[in-house]
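Enquirer: This is final08.txt (compact mmCIF, C-alpha atoms and all ligand atoms).
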# COMPACT_ATOMS: atom_id res chain seq x y z
CA MET A 246 -41.59 -59.99 176.54
CA ARG A 247 -41.62 -63.60 175.33
CA PHE A 248 -38.78 -65.30 173.48
CA ALA A 249 -38.90 -68.40 171.30
CA ILE A 250 -35.44 -69.92 171.63
CA ILE A 251 -34.47 -72.27 168.82
CA GLY A 252 -31.22 -73.77 167.61
CA ASP A 253 -29.30 -76.72 166.20
CA ILE A 254 -31.27 -76.48 162.98
CA HIS A 255 -28.41 -77.93 160.90
CA SER A 256 -29.92 -76.69 157.60
CA SER A 257 -33.11 -78.72 158.08
CA THR A 258 -35.80 -76.75 156.22
CA ASN A 259 -38.71 -79.06 157.09
CA ASP A 260 -37.93 -79.21 160.79
CA LEU A 261 -37.48 -75.43 160.96
CA ALA A 262 -40.77 -74.86 159.10
CA ALA A 263 -42.58 -77.12 161.60
CA VAL A 264 -41.10 -75.27 164.58
CA LEU A 265 -41.79 -71.81 163.14
CA LYS A 266 -45.39 -72.84 162.48
CA GLN A 267 -45.81 -73.90 166.11
CA VAL A 268 -44.22 -70.68 167.37
CA GLU A 269 -46.65 -68.71 165.21
CA GLU A 270 -49.63 -70.68 166.61
CA ILE A 271 -48.63 -70.68 170.28
CA ALA A 272 -46.66 -67.48 170.73
CA PRO A 273 -47.02 -65.15 167.73
CA ASP A 274 -45.72 -62.27 169.87
CA ALA A 275 -42.51 -64.10 170.83
CA LYS A 276 -39.18 -62.81 169.62
CA LEU A 277 -37.17 -65.56 167.90
CA VAL A 278 -33.61 -66.10 169.10
CA GLY A 279 -31.11 -68.59 167.63
CA THR A 280 -28.69 -70.65 169.73
CA GLY A 281 -26.33 -71.49 166.84
CA ASP A 282 -25.65 -74.39 164.46
CA LEU A 283 -28.17 -72.89 162.08
CA PHE A 284 -26.28 -74.54 159.22
CA GLU A 285 -24.81 -77.99 158.70
CA CYS A 286 -21.12 -78.11 157.86
CA THR A 287 -20.42 -81.09 155.58
CA ILE A 288 -16.70 -81.28 156.37
CA SER A 289 -16.19 -83.21 159.57
CA LYS A 290 -13.96 -82.02 162.38
CA LYS A 291 -11.39 -84.78 161.73
CA ASN A 292 -11.04 -83.73 158.07
CA ILE A 293 -9.94 -80.18 158.80
CA THR A 294 -6.57 -79.24 157.28
CA ASP A 295 -4.99 -75.93 156.30
CA PHE A 296 -6.85 -76.09 152.99
CA LYS A 297 -9.30 -73.21 152.48
CA TYR A 298 -12.38 -73.79 150.33
CA GLU A 299 -13.56 -70.97 148.05
CA ASN A 300 -17.18 -72.04 147.68
CA LEU A 301 -19.44 -72.21 150.69
CA GLU A 302 -21.58 -74.80 148.88
CA ASP A 303 -18.63 -77.19 149.09
CA VAL A 304 -18.61 -77.15 152.89
CA MET A 305 -22.20 -76.59 153.99
CA LEU A 306 -25.79 -77.58 153.30
CA LEU A 307 -27.72 -74.67 151.76
CA PRO A 308 -31.10 -76.05 150.71
CA GLU A 309 -33.26 -73.79 148.58
CA GLY A 310 -35.28 -71.30 150.62
CA PHE A 311 -33.53 -72.12 153.89
CA ARG A 312 -31.62 -68.86 154.31
CA GLU A 313 -34.78 -66.85 153.76
CA MET A 314 -36.29 -68.55 156.82
CA LEU A 315 -33.48 -67.27 159.07
CA THR A 316 -35.03 -63.90 159.83
CA PHE A 317 -33.99 -63.81 163.50
CA PRO A 318 -30.80 -62.91 165.41
CA SER A 319 -28.57 -65.77 166.49
CA ILE A 320 -25.33 -66.53 168.21
CA ARG A 321 -22.78 -68.79 166.54
CA GLY A 322 -22.36 -72.53 166.97
CA ASN A 323 -19.49 -74.86 166.26
CA GLN A 324 -20.86 -75.48 162.73
CA GLU A 325 -20.63 -71.78 161.85
CA GLU A 326 -17.15 -71.56 163.40
CA ARG A 327 -15.95 -74.52 161.31
CA ILE A 328 -17.47 -73.14 158.08
CA VAL A 329 -15.68 -69.82 158.63
CA PHE A 330 -12.41 -71.54 159.58
CA ILE A 331 -12.17 -73.74 156.48
CA THR A 332 -13.22 -71.17 153.88
CA LYS A 333 -11.71 -68.13 152.22
CA THR A 334 -14.20 -66.22 150.10
CA LYS A 335 -15.82 -62.80 149.85
CA ASP A 336 -19.25 -64.43 149.87
CA PRO A 337 -21.38 -62.16 152.13
CA LEU A 338 -22.79 -65.24 153.88
CA ARG A 339 -19.32 -66.03 155.20
CA THR A 340 -19.02 -62.49 156.57
CA GLU A 341 -22.44 -62.87 158.16
CA LEU A 342 -21.39 -66.11 159.86
CA GLU A 343 -18.09 -64.62 160.95
CA ARG A 344 -19.93 -61.76 162.65
CA LEU A 345 -22.34 -63.89 164.66
CA PRO A 346 -21.72 -63.15 168.34
CA GLU A 347 -20.61 -65.89 170.74
CA THR A 348 -23.17 -64.93 173.35
CA MET A 349 -26.30 -62.80 173.55
CA GLN A 350 -28.36 -61.35 176.35
CA ILE A 351 -32.15 -61.59 176.21
CA GLY A 352 -33.88 -59.91 179.11
CA GLU A 353 -32.18 -61.25 182.24
CA ALA A 354 -30.94 -64.36 180.45
CA PHE A 355 -27.84 -65.30 178.47
CA VAL A 356 -27.57 -67.47 175.38
CA ILE A 357 -24.48 -69.52 174.43
CA HIS A 358 -24.20 -72.50 172.06
CA GLY A 359 -22.45 -74.79 174.54
CA HIS A 360 -19.51 -76.24 172.55
CA GLN A 361 -17.26 -74.02 174.65
CA TRP A 362 -17.15 -76.66 177.38
CA HIS A 363 -16.02 -80.23 176.89
CA TYR A 364 -18.48 -83.07 176.87
CA GLY A 365 -18.90 -84.36 180.40
CA ASP A 366 -18.02 -81.03 181.98
CA ASN A 367 -20.58 -79.37 184.15
CA PRO A 368 -21.95 -76.76 181.77
CA TRP A 369 -22.14 -74.18 184.53
CA GLN A 370 -18.46 -74.62 185.48
CA LYS A 371 -17.26 -72.12 182.88
CA LEU A 372 -20.17 -69.74 183.08
CA SER A 373 -19.94 -66.39 184.78
CA PRO A 374 -21.58 -66.48 188.23
CA ASP A 375 -23.63 -63.47 187.10
CA TRP A 376 -25.37 -65.65 184.55
CA LYS A 377 -28.34 -66.83 186.60
CA LEU A 378 -30.42 -67.95 183.65
CA VAL A 379 -28.67 -69.54 180.66
CA PHE A 380 -30.01 -71.07 177.44
CA PHE A 381 -27.80 -73.34 175.38
CA GLY A 382 -27.98 -76.21 172.87
CA HIS A 383 -25.30 -78.23 171.06
CA THR A 384 -26.10 -81.72 172.41
CA HIS A 385 -29.58 -81.91 170.83
CA ARG A 386 -31.17 -82.88 174.13
CA SER A 387 -33.68 -80.86 176.11
CA GLU A 388 -32.51 -80.46 179.70
CA ILE A 389 -32.93 -78.23 182.72
CA PHE A 390 -30.58 -77.85 185.69
CA ARG A 391 -31.72 -75.97 188.76
CA ASN A 392 -28.83 -75.06 191.07
CA GLY A 393 -26.86 -77.81 189.31
CA GLN A 394 -29.52 -80.51 189.71
CA PRO A 395 -31.17 -81.99 186.62
CA GLU A 396 -34.96 -82.01 186.54
CA CYS A 397 -37.36 -84.15 184.54
CA ILE A 398 -38.46 -82.65 181.19
CA ARG A 399 -42.19 -82.42 180.56
CA PHE A 400 -43.07 -80.76 177.28
CA GLY A 401 -45.75 -78.09 177.47
CA GLU A 402 -45.45 -77.55 181.23
CA GLU A 403 -44.12 -74.43 182.90
CA TYR A 404 -40.87 -74.26 184.88
CA GLU A 405 -40.15 -71.32 187.14
CA VAL A 406 -37.01 -69.32 186.40
CA GLY A 407 -35.48 -66.16 187.79
CA LYS A 408 -35.01 -67.08 191.44
CA GLU A 409 -32.44 -69.87 191.47
CA ARG A 410 -29.70 -70.54 188.96
CA VAL A 411 -31.29 -72.28 186.00
CA ILE A 412 -29.49 -73.63 182.95
CA VAL A 413 -31.65 -74.76 180.05
CA ASN A 414 -30.76 -76.87 177.03
CA VAL A 415 -33.35 -75.97 174.40
CA GLY A 416 -32.94 -79.22 172.43
CA SER A 417 -32.60 -79.32 168.64
CA VAL A 418 -34.79 -78.27 165.75
CA ILE A 419 -33.24 -80.95 163.52
CA GLU A 420 -34.87 -84.34 164.09
CA ASN A 421 -36.44 -83.41 167.44
CA ARG A 422 -38.30 -80.18 166.53
CA GLU A 423 -37.73 -78.93 170.08
CA TRP A 424 -37.56 -75.34 171.31
CA VAL A 425 -38.18 -73.30 174.46
CA LEU A 426 -40.62 -70.50 175.15
CA TYR A 427 -39.26 -68.03 177.71
CA ASP A 428 -41.76 -65.69 179.32
CA GLU A 429 -39.61 -63.02 180.90
CA ASP A 430 -42.42 -61.12 182.67
CA ASN A 431 -43.92 -64.18 184.38
CA GLY A 432 -40.54 -65.81 185.06
CA VAL A 433 -41.35 -69.13 183.41
CA ILE A 434 -40.11 -71.29 180.54
CA ARG A 435 -41.87 -74.04 178.65
CA PHE A 436 -40.22 -76.85 176.69
CA MET A 437 -41.96 -77.25 173.35
CA LYS A 438 -41.95 -79.95 170.66
CA ALA A 439 -43.58 -79.50 167.25
MN MN B 501 -23.36 -77.75 168.06
Rewrite the structure from the file as structure tokens, please.
Ligand SMILES: [Mn+2]
Expert:
Amino acid sequence: MRFAIIGDIHSSTNDLAAVLKQVEEIAPDAKLVGTGDLFECTISKKNITDFKYENLEDVMLLPEGFREMLTFPSIRGNQEERIVFITKTKDPLRTELERLPETMQIGEAFVIHGHQWHYGDNPWQKLSPDWKLVFFGHTHRSEIFRNGQPECIRFGEEYEVGKERVIVNVGSVIENREWVLYDEDNGVIRFMKA
């Protein structure tokens, strides 16, 4: 099976449309998987108090037609966590966000947003040793680490996965229009940019 791994969309309709179009052209069979931060929270981290908002529109960007484009399963990012934390409403969207899992397994690989470790930490420090292949996002920068060593990113080229420990940052949809195609059967990934 092939997976198109996309995340850090931050409510950007145009960027998501461009990426989905490229996925459809290059890998129409691929299963879409989200790495979190689908939505943009408009209340910054430093402005969080005990106050609970009752309207989701007051704390997040919900452009027209955007939600309809989110047809794929996703884990949660720090944006979704913040939106849930600062709101109190029966809006079904809040319940949906609250229920997004923290991690997901796709084939042999694991998906996690990446805000769980502090900036500057080695991302693999806090990961289970059983997680040999990990996809994450959060920093909006495409990266690959093989046995802890960073490698140069070349878009469109294949990287072997499945033998050593490989940790992959899939980049961001917002602004960069980056995503990763994971071909489970052939044990390769490809960094993509629409
Ligand atoms: Mn994030």
Enquirer: Taking only C-alpha atoms and all ligand atoms into account, report as a PDB file with C-alpha atoms, keeping the file's coordinate frame which residues have an atom no farther than 10 Å from an atom of ligand MN 501 (chain B).
Expert:
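After the write, pocket_39.pdb holds the following:
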ATOM      1  CA  GLY A 252     -31.220 -73.770 167.610  1.00  0.00           C
ATOM      2  CA  ASP A 253     -29.300 -76.720 166.200  1.00  0.00           C
ATOM      3  CA  ILE A 254     -31.270 -76.480 162.980  1.00  0.00           C
ATOM      4  CA  HIS A 255     -28.410 -77.930 160.900  1.00  0.00           C
ATOM      5  CA  THR A 280     -28.690 -70.650 169.730  1.00  0.00           C
ATOM      6  CA  GLY A 281     -26.330 -71.490 166.840  1.00  0.00           C
ATOM      7  CA  ASP A 282     -25.650 -74.390 164.460  1.00  0.00           C
ATOM      8  CA  LEU A 283     -28.170 -72.890 162.080  1.00  0.00           C
ATOM      9  CA  PHE A 284     -26.280 -74.540 159.220  1.00  0.00           C
ATOM     10  CA  GLU A 285     -24.810 -77.990 158.700  1.00  0.00           C
ATOM     11  CA  ARG A 321     -22.780 -68.790 166.540  1.00  0.00           C
ATOM     12  CA  GLY A 322     -22.360 -72.530 166.970  1.00  0.00           C
ATOM     13  CA  ASN A 323     -19.490 -74.860 166.260  1.00  0.00           C
ATOM     14  CA  GLN A 324     -20.860 -75.480 162.730  1.00  0.00           C
ATOM     15  CA  GLU A 325     -20.630 -71.780 161.850  1.00  0.00           C
ATOM     16  CA  GLU A 326     -17.150 -71.560 163.400  1.00  0.00           C
ATOM     17  CA  HIS A 358     -24.200 -72.500 172.060  1.00  0.00           C
ATOM     18  CA  GLY A 359     -22.450 -74.790 174.540  1.00  0.00           C
ATOM     19  CA  HIS A 360     -19.510 -76.240 172.550  1.00  0.00           C
ATOM     20  CA  GLN A 361     -17.260 -74.020 174.650  1.00  0.00           C
ATOM     21  CA  PHE A 381     -27.800 -73.340 175.380  1.00  0.00           C
ATOM     22  CA  GLY A 382     -27.980 -76.210 172.870  1.00  0.00           C
ATOM     23  CA  HIS A 383     -25.300 -78.230 171.060  1.00  0.00           C
ATOM     24  CA  THR A 384     -26.100 -81.720 172.410  1.00  0.00           C
ATOM     25  CA  HIS A 385     -29.580 -81.910 170.830  1.00  0.00           C
ATOM     26  CA  SER A 417     -32.600 -79.320 168.640  1.00  0.00           C
TER      27      SER A 417
END
Enquirer: So how many Å separate CA of Leu306 (chain A) and CA of Tyr427 (chain A), to one decimal?
Expert: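 Going from CA of Leu306 (chain A) over to CA of Tyr427 (chain A), I get 29.5 Å.
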Enquirer: Rounded to one decimal, what separation in Å do you get between CA of Cys397 (chain A) and CA of Val413 (chain A)?
Expert: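 CA of Val413 (chain A) lies at a distance of 11.9 Å from CA of Cys397 (chain A).
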Enquirer: Point out the residue among A:Tyr404, A:Lys438, A:Leu315, A:Arg410 with the least atom-to-atom distance to Arg386 (chain A), counting all atoms listed in the file.
Expert: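 The answer is A:Lys438, which sits nearest to Arg386 (chain A).
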Enquirer: Ranking A:Gly401, A:Arg344, A:Val433, A:Ala439 by minimum distance to Glu269 (chain A) and counting all atoms listed in the file, which one comes first?
Expert: A:Ala439
Enquirer: Pick the closest to Met349 (chain A) from A:Thr294, A:Thr334, A:Ser289, A:Ser319: which is it, counting all atoms listed in the file?
Expert: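 Using all atoms listed in the file, the shortest distance to Met349 (chain A) belongs to A:Ser319.
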Enquirer: List as a PyMOL selection string: which residues have an atom within 12 Å of (-44.2, -78.6, 182.0), counting only C-alpha atoms?
Expert: chain A and resi 389+396-405+425-426+433-438
Enquirer: Report the distance between CA of Thr348 (chain A) and CA of Glu423 (chain A) in Å, rounded to one decimal place.
Expert: 20.5 Å
Enquirer: Give as a PyMOL selection string the set of residues within 9 Å of the point (-36.4, -77.4, 155.8), where distances use the file's coordinates and only C-alpha atoms.
Expert: chain A and resi 254+256-263+308-311+314
Enquirer: Would you export the selected residues with C-alpha atoms as an mmCIF file, keeping the file's coordinate frame, please?
Expert:
data_model
loop_
_atom_site.group_PDB
_atom_site.id
_atom_site.type_symbol
_atom_site.label_atom_id
_atom_site.label_comp_id
_atom_site.auth_asym_id
_atom_site.auth_seq_id
_atom_site.Cartn_x
_atom_site.Cartn_y
_atom_site.Cartn_z
ATOM 1 C CA ILE A 254 -31.270 -76.480 162.980
ATOM 2 C CA SER A 256 -29.920 -76.690 157.600
ATOM 3 C CA SER A 257 -33.110 -78.720 158.080
ATOM 4 C CA THR A 258 -35.800 -76.750 156.220
ATOM 5 C CA ASN A 259 -38.710 -79.060 157.090
ATOM 6 C CA ASP A 260 -37.930 -79.210 160.790
ATOM 7 C CA LEU A 261 -37.480 -75.430 160.960
ATOM 8 C CA ALA A 262 -40.770 -74.860 159.100
ATOM 9 C CA ALA A 263 -42.580 -77.120 161.600
ATOM 10 C CA PRO A 308 -31.100 -76.050 150.710
ATOM 11 C CA GLU A 309 -33.260 -73.790 148.580
ATOM 12 C CA GLY A 310 -35.280 -71.300 150.620
ATOM 13 C CA PHE A 311 -33.530 -72.120 153.890
ATOM 14 C CA MET A 314 -36.290 -68.550 156.820
#
Enquirer: Using all atoms listed in the file, which of A:Arg312, A:Leu372, A:Val356, A:Lys291 sits nearest Val278 (chain A)?
Expert: A:Val356
Enquirer: Excluding region 272-274 of chain A and any residue of its chain fewer than 3 positions from it, enumerate the residues within 10 Å of it, using all atoms listed in the file, and give them as a list in words.
Expert: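 Non-adjacent residues within range: Met246, Arg247, Phe248, Ala249, Leu265, Lys266, Gln267, Val268, Glu269, Leu277 and Leu426 of chain A.
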Enquirer: Excluding Thr332 (chain A) and any residue of its chain fewer than 3 positions from it, enumerate the residues within 9 Å of it, using all atoms listed in the file, and give them as a PDB file with C-alpha atoms, in the coordinates of the input.
Expert:
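selection13.pdb was written with the following content:
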ATOM      1  CA  PHE A 296      -6.850 -76.090 152.990  1.00  0.00           C
ATOM      2  CA  LYS A 297      -9.300 -73.210 152.480  1.00  0.00           C
ATOM      3  CA  TYR A 298     -12.380 -73.790 150.330  1.00  0.00           C
ATOM      4  CA  GLU A 299     -13.560 -70.970 148.050  1.00  0.00           C
ATOM      5  CA  ASN A 300     -17.180 -72.040 147.680  1.00  0.00           C
ATOM      6  CA  LEU A 301     -19.440 -72.210 150.690  1.00  0.00           C
ATOM      7  CA  VAL A 304     -18.610 -77.150 152.890  1.00  0.00           C
ATOM      8  CA  ARG A 327     -15.950 -74.520 161.310  1.00  0.00           C
ATOM      9  CA  ILE A 328     -17.470 -73.140 158.080  1.00  0.00           C
ATOM     10  CA  VAL A 329     -15.680 -69.820 158.630  1.00  0.00           C
ATOM     11  CA  ARG A 339     -19.320 -66.030 155.200  1.00  0.00           C
TER      12      ARG A 339
END
Enquirer: Counting all atoms listed in the file, figure out which residue out of A:Ile419, A:Ile351, A:Ile271, A:Ile320 gets nearest to Leu378 (chain A).
Expert: A:Ile351
Enquirer: In terms of the shortest atom-to-atom distance over all atoms listed in the file, which of A:Ala275, A:Ile331, A:Thr316, A:Asp430 is closest to Ile293 (chain A)?
Expert: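 Once distances to Ile293 (chain A) are computed over all atoms listed in the file, the minimum belongs to A:Ile331.
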Enquirer: Would you mind completing region 286-301 of chain A so that it carries N, CA and C atoms, and writing it out as a PDB file, in the frame of the given file?
Expert:
ATOM      1  N   CYS A 286     -22.407 -78.087 158.546  1.00  0.00           N
ATOM      2  CA  CYS A 286     -21.120 -78.110 157.860  1.00  0.00           C
ATOM      3  C   CYS A 286     -20.862 -79.544 157.416  1.00  0.00           C
ATOM      4  N   THR A 287     -20.544 -79.732 156.124  1.00  0.00           N
ATOM      5  CA  THR A 287     -20.420 -81.090 155.580  1.00  0.00           C
ATOM      6  C   THR A 287     -18.987 -81.632 155.669  1.00  0.00           C
ATOM      7  N   ILE A 288     -18.078 -80.813 156.160  1.00  0.00           N
ATOM      8  CA  ILE A 288     -16.700 -81.280 156.370  1.00  0.00           C
ATOM      9  C   ILE A 288     -16.560 -81.590 157.862  1.00  0.00           C
ATOM     10  N   SER A 289     -16.231 -82.836 158.148  1.00  0.00           N
ATOM     11  CA  SER A 289     -16.190 -83.210 159.570  1.00  0.00           C
ATOM     12  C   SER A 289     -14.934 -82.649 160.236  1.00  0.00           C
ATOM     13  N   LYS A 290     -15.022 -82.594 161.548  1.00  0.00           N
ATOM     14  CA  LYS A 290     -13.960 -82.020 162.380  1.00  0.00           C
ATOM     15  C   LYS A 290     -12.615 -82.687 162.099  1.00  0.00           C
ATOM     16  N   LYS A 291     -12.649 -84.033 161.915  1.00  0.00           N
ATOM     17  CA  LYS A 291     -11.390 -84.780 161.730  1.00  0.00           C
ATOM     18  C   LYS A 291     -10.782 -84.540 160.347  1.00  0.00           C
ATOM     19  N   ASN A 292     -11.551 -83.974 159.412  1.00  0.00           N
ATOM     20  CA  ASN A 292     -11.040 -83.730 158.070  1.00  0.00           C
ATOM     21  C   ASN A 292     -10.569 -82.290 157.861  1.00  0.00           C
ATOM     22  N   ILE A 293     -10.405 -81.564 158.926  1.00  0.00           N
ATOM     23  CA  ILE A 293      -9.940 -80.180 158.800  1.00  0.00           C
ATOM     24  C   ILE A 293      -8.424 -80.153 158.606  1.00  0.00           C
ATOM     25  N   THR A 294      -8.008 -79.446 157.542  1.00  0.00           N
ATOM     26  CA  THR A 294      -6.570 -79.240 157.280  1.00  0.00           C
ATOM     27  C   THR A 294      -6.364 -77.734 157.116  1.00  0.00           C
ATOM     28  N   ASP A 295      -5.228 -77.358 156.544  1.00  0.00           N
ATOM     29  CA  ASP A 295      -4.990 -75.930 156.300  1.00  0.00           C
ATOM     30  C   ASP A 295      -5.678 -75.460 155.018  1.00  0.00           C
ATOM     31  N   PHE A 296      -6.207 -76.419 154.266  1.00  0.00           N
ATOM     32  CA  PHE A 296      -6.850 -76.090 152.990  1.00  0.00           C
ATOM     33  C   PHE A 296      -8.047 -75.168 153.220  1.00  0.00           C
ATOM     34  N   LYS A 297      -8.158 -74.122 152.368  1.00  0.00           N
ATOM     35  CA  LYS A 297      -9.300 -73.210 152.480  1.00  0.00           C
ATOM     36  C   LYS A 297     -10.181 -73.330 151.229  1.00  0.00           C
ATOM     37  N   TYR A 298     -11.424 -73.665 151.432  1.00  0.00           N
ATOM     38  CA  TYR A 298     -12.380 -73.790 150.330  1.00  0.00           C
ATOM     39  C   TYR A 298     -12.833 -72.389 149.887  1.00  0.00           C
ATOM     40  N   GLU A 299     -13.123 -72.274 148.562  1.00  0.00           N
ATOM     41  CA  GLU A 299     -13.560 -70.970 148.050  1.00  0.00           C
ATOM     42  C   GLU A 299     -15.062 -70.886 147.809  1.00  0.00           C
ATOM     43  N   ASN A 300     -15.722 -72.037 147.850  1.00  0.00           N
ATOM     44  CA  ASN A 300     -17.180 -72.040 147.680  1.00  0.00           C
ATOM     45  C   ASN A 300     -17.857 -72.580 148.939  1.00  0.00           C
ATOM     46  N   LEU A 301     -18.740 -71.777 149.477  1.00  0.00           N
ATOM     47  CA  LEU A 301     -19.440 -72.210 150.690  1.00  0.00           C
ATOM     48  C   LEU A 301     -20.257 -73.478 150.445  1.00  0.00           C
TER      49      LEU A 301
END
